[in-house]
Amino acid sequence: MVYLWLLTGILLFYTLKGYPMWMAMRCGKYPRREYGRSPMVGYSIVVVSRNGGEDLKRKMSEILAYRNPTLKKIVVVDDGSEDGSVAFLTSLKDPRLEVLSQTRGGKSKALNKARSKIKTEAVVLMDVRQSVGEDTVLSLKDR
């Protein structure tokens, strides 16, 4: 019977005092993240395109209009286009833009090729057909 009272006392002490003290010590090591207030780390955008045409032109004008300084690099991988996409991409003069081209190999091969060029902590993968505003990309920092 004494052991039951002792076990009950230990559990009660741990519940009321021990666990809160342990959490207080743990919070000192790992401070709570403030959502919505922390600056976004540098990020890169990767676009894979094959015969993008007008969609690629619209997408590039949209991305090049982003003015947030945390956008470090834009990597566009051309997957064997035959519509002059590479010539269009190389004509764009933006220091953040890097154009990679490959023979037709698929999206996974293109993403692996782009991965070796990325040095930032965050990467945003985009498709040429969808429109994504800069505010949408910046809202990803809280996720």
# chains A, B, ... in the order shown; residues from 1 in each chain; ligands from 1
>>> residues_around(residues="stretch 52-67 of chain A", least_positions_apart="3", cutoff="9 Å", atoms="only C-alpha atoms", output="list in words")
Ile45, Ser49, Thr70, Leu71, Ile74, Asp78, Ser81, Asp83, Gly84, Ser85, Phe88, Leu89, Leu92, Asp94, Arg96, Leu97, Asp127, Val128, Arg129, Gln130, Ser131, Val132, Gly133 and Glu134 of chain A
>>> select_by_dssp(residues="chain A", states="strand (DSSP E)", output="VMD selection string")
chain A and resid 43 to 49 71 to 79 97 to 102 122 to 126
>>> closest_residue(among="A:Leu138, A:Cys27, A:Val77, A:Gly42", to="A:Lys109", atoms="only C-alpha atoms")
A:Val77
>>> select_by_dssp(residues="stretch 29-131 of chain A", states="helix (DSSP H, G or I)", output="VMD selection string")
chain A and resid 29 54 to 64 85 to 91 107 to 115
>>> closest_residue(among="A:Ser101, A:Ser44, A:Ser108, A:Asn68", to="A:Val124", atoms="only C-alpha atoms")
A:Ser44
>>> decode(residues="stretch 64-77 of chain A", atoms="all heavy atoms", output="PDB file, in the first residue's frame")
ATOM      1  N   LEU A  64      10.355  37.487 -63.340  1.00  0.00           N
ATOM      2  CA  LEU A  64      11.357  38.554 -63.358  1.00  0.00           C
ATOM      3  C   LEU A  64      10.831  39.845 -62.748  1.00  0.00           C
ATOM      4  O   LEU A  64      11.615  40.728 -62.397  1.00  0.00           O
ATOM      5  CB  LEU A  64      11.845  38.790 -64.785  1.00  0.00           C
ATOM      6  CG  LEU A  64      12.643  37.625 -65.389  1.00  0.00           C
ATOM      7  CD1 LEU A  64      12.997  37.922 -66.840  1.00  0.00           C
ATOM      8  CD2 LEU A  64      13.884  37.329 -64.581  1.00  0.00           C
ATOM      9  N   ALA A  65       9.520  39.951 -62.581  1.00  0.00           N
ATOM     10  CA  ALA A  65       8.946  41.126 -61.931  1.00  0.00           C
ATOM     11  C   ALA A  65       9.026  41.032 -60.405  1.00  0.00           C
ATOM     12  O   ALA A  65       8.797  42.021 -59.716  1.00  0.00           O
ATOM     13  CB  ALA A  65       7.494  41.311 -62.372  1.00  0.00           C
ATOM     14  N   TYR A  66       9.361  39.858 -59.870  1.00  0.00           N
ATOM     15  CA  TYR A  66       9.503  39.713 -58.425  1.00  0.00           C
ATOM     16  C   TYR A  66      10.661  40.598 -57.966  1.00  0.00           C
ATOM     17  O   TYR A  66      11.748  40.540 -58.506  1.00  0.00           O
ATOM     18  CB  TYR A  66       9.807  38.270 -58.043  1.00  0.00           C
ATOM     19  CG  TYR A  66       8.684  37.271 -58.229  1.00  0.00           C
ATOM     20  CD1 TYR A  66       7.455  37.629 -58.775  1.00  0.00           C
ATOM     21  CD2 TYR A  66       8.861  35.959 -57.864  1.00  0.00           C
ATOM     22  CE1 TYR A  66       6.452  36.702 -58.933  1.00  0.00           C
ATOM     23  CE2 TYR A  66       7.859  35.020 -58.024  1.00  0.00           C
ATOM     24  CZ  TYR A  66       6.661  35.398 -58.566  1.00  0.00           C
ATOM     25  OH  TYR A  66       5.677  34.473 -58.721  1.00  0.00           O
ATOM     26  N   ARG A  67      10.430  41.387 -56.956  1.00  0.00           N
ATOM     27  CA  ARG A  67      11.458  42.324 -56.499  1.00  0.00           C
ATOM     28  C   ARG A  67      11.927  42.064 -55.077  1.00  0.00           C
ATOM     29  O   ARG A  67      12.662  42.848 -54.515  1.00  0.00           O
ATOM     30  CB  ARG A  67      10.940  43.763 -56.605  1.00  0.00           C
ATOM     31  CG  ARG A  67      10.781  44.206 -58.026  1.00  0.00           C
ATOM     32  CD  ARG A  67      12.140  44.292 -58.692  1.00  0.00           C
ATOM     33  NE  ARG A  67      11.988  44.392 -60.133  1.00  0.00           N
ATOM     34  CZ  ARG A  67      12.764  43.792 -60.996  1.00  0.00           C
ATOM     35  NH1 ARG A  67      13.755  43.051 -60.590  1.00  0.00           N
ATOM     36  NH2 ARG A  67      12.572  43.927 -62.279  1.00  0.00           N
ATOM     37  N   ASN A  68      11.511  40.964 -54.475  1.00  0.00           N
ATOM     38  CA  ASN A  68      11.942  40.663 -53.120  1.00  0.00           C
ATOM     39  C   ASN A  68      13.414  40.262 -53.136  1.00  0.00           C
ATOM     40  O   ASN A  68      13.816  39.415 -53.938  1.00  0.00           O
ATOM     41  CB  ASN A  68      11.083  39.528 -52.546  1.00  0.00           C
ATOM     42  CG  ASN A  68      11.304  39.372 -51.070  1.00  0.00           C
ATOM     43  OD1 ASN A  68      12.387  39.019 -50.627  1.00  0.00           O
ATOM     44  ND2 ASN A  68      10.274  39.650 -50.299  1.00  0.00           N
ATOM     45  N   PRO A  69      14.239  40.839 -52.270  1.00  0.00           N
ATOM     46  CA  PRO A  69      15.675  40.535 -52.292  1.00  0.00           C
ATOM     47  C   PRO A  69      16.023  39.122 -51.843  1.00  0.00           C
ATOM     48  O   PRO A  69      17.155  38.688 -52.022  1.00  0.00           O
ATOM     49  CB  PRO A  69      16.274  41.561 -51.329  1.00  0.00           C
ATOM     50  CG  PRO A  69      15.146  41.983 -50.461  1.00  0.00           C
ATOM     51  CD  PRO A  69      13.900  41.852 -51.271  1.00  0.00           C
ATOM     52  N   THR A  70      15.071  38.380 -51.286  1.00  0.00           N
ATOM     53  CA  THR A  70      15.382  37.017 -50.877  1.00  0.00           C
ATOM     54  C   THR A  70      15.334  36.031 -52.042  1.00  0.00           C
ATOM     55  O   THR A  70      15.746  34.892 -51.883  1.00  0.00           O
ATOM     56  CB  THR A  70      14.423  36.541 -49.765  1.00  0.00           C
ATOM     57  OG1 THR A  70      13.076  36.661 -50.226  1.00  0.00           O
ATOM     58  CG2 THR A  70      14.606  37.358 -48.507  1.00  0.00           C
ATOM     59  N   LEU A  71      14.845  36.460 -53.212  1.00  0.00           N
ATOM     60  CA  LEU A  71      14.896  35.605 -54.407  1.00  0.00           C
ATOM     61  C   LEU A  71      16.317  35.660 -54.945  1.00  0.00           C
ATOM     62  O   LEU A  71      16.755  36.668 -55.492  1.00  0.00           O
ATOM     63  CB  LEU A  71      13.903  36.070 -55.470  1.00  0.00           C
ATOM     64  CG  LEU A  71      13.963  35.343 -56.812  1.00  0.00           C
ATOM     65  CD1 LEU A  71      13.751  33.850 -56.646  1.00  0.00           C
ATOM     66  CD2 LEU A  71      12.959  35.924 -57.779  1.00  0.00           C
ATOM     67  N   LYS A  72      17.046  34.575 -54.758  1.00  0.00           N
ATOM     68  CA  LYS A  72      18.461  34.550 -55.121  1.00  0.00           C
ATOM     69  C   LYS A  72      18.719  34.037 -56.527  1.00  0.00           C
ATOM     70  O   LYS A  72      19.628  34.508 -57.195  1.00  0.00           O
ATOM     71  CB  LYS A  72      19.248  33.685 -54.126  1.00  0.00           C
ATOM     72  CG  LYS A  72      19.098  34.109 -52.683  1.00  0.00           C
ATOM     73  CD  LYS A  72      19.658  35.484 -52.459  1.00  0.00           C
ATOM     74  CE  LYS A  72      19.541  35.854 -50.991  1.00  0.00           C
ATOM     75  NZ  LYS A  72      19.855  37.229 -50.731  1.00  0.00           N
ATOM     76  N   LYS A  73      17.938  33.056 -56.973  1.00  0.00           N
ATOM     77  CA  LYS A  73      18.248  32.432 -58.253  1.00  0.00           C
ATOM     78  C   LYS A  73      16.980  31.913 -58.918  1.00  0.00           C
ATOM     79  O   LYS A  73      16.071  31.436 -58.255  1.00  0.00           O
ATOM     80  CB  LYS A  73      19.218  31.272 -58.025  1.00  0.00           C
ATOM     81  CG  LYS A  73      19.788  30.694 -59.275  1.00  0.00           C
ATOM     82  CD  LYS A  73      20.904  29.738 -58.928  1.00  0.00           C
ATOM     83  CE  LYS A  73      21.978  29.917 -59.960  1.00  0.00           C
ATOM     84  NZ  LYS A  73      23.182  29.248 -59.676  1.00  0.00           N
ATOM     85  N   ILE A  74      16.956  32.013 -60.242  1.00  0.00           N
ATOM     86  CA  ILE A  74      15.884  31.465 -61.063  1.00  0.00           C
ATOM     87  C   ILE A  74      16.547  30.484 -62.025  1.00  0.00           C
ATOM     88  O   ILE A  74      17.379  30.882 -62.833  1.00  0.00           O
ATOM     89  CB  ILE A  74      15.147  32.567 -61.853  1.00  0.00           C
ATOM     90  CG1 ILE A  74      14.615  33.640 -60.922  1.00  0.00           C
ATOM     91  CG2 ILE A  74      14.037  31.958 -62.694  1.00  0.00           C
ATOM     92  CD1 ILE A  74      14.225  34.925 -61.641  1.00  0.00           C
ATOM     93  N   VAL A  75      16.192  29.219 -61.907  1.00  0.00           N
ATOM     94  CA  VAL A  75      16.762  28.195 -62.777  1.00  0.00           C
ATOM     95  C   VAL A  75      15.651  27.685 -63.688  1.00  0.00           C
ATOM     96  O   VAL A  75      14.617  27.222 -63.215  1.00  0.00           O
ATOM     97  CB  VAL A  75      17.353  27.024 -61.962  1.00  0.00           C
ATOM     98  CG1 VAL A  75      17.910  25.955 -62.886  1.00  0.00           C
ATOM     99  CG2 VAL A  75      18.432  27.520 -61.025  1.00  0.00           C
ATOM    100  N   VAL A  76      15.870  27.800 -64.986  1.00  0.00           N
ATOM    101  CA  VAL A  76      14.921  27.287 -65.969  1.00  0.00           C
ATOM    102  C   VAL A  76      15.625  26.164 -66.721  1.00  0.00           C
ATOM    103  O   VAL A  76      16.686  26.366 -67.301  1.00  0.00           O
ATOM    104  CB  VAL A  76      14.457  28.380 -66.946  1.00  0.00           C
ATOM    105  CG1 VAL A  76      13.470  27.816 -67.946  1.00  0.00           C
ATOM    106  CG2 VAL A  76      13.851  29.546 -66.198  1.00  0.00           C
ATOM    107  N   VAL A  77      15.015  24.977 -66.699  1.00  0.00           N
ATOM    108  CA  VAL A  77      15.571  23.832 -67.408  1.00  0.00           C
ATOM    109  C   VAL A  77      14.698  23.576 -68.627  1.00  0.00           C
ATOM    110  O   VAL A  77      13.500  23.354 -68.504  1.00  0.00           O
ATOM    111  CB  VAL A  77      15.614  22.577 -66.513  1.00  0.00           C
ATOM    112  CG1 VAL A  77      16.281  21.433 -67.253  1.00  0.00           C
ATOM    113  CG2 VAL A  77      16.345  22.866 -65.222  1.00  0.00           C
TER     114      VAL A  77
END
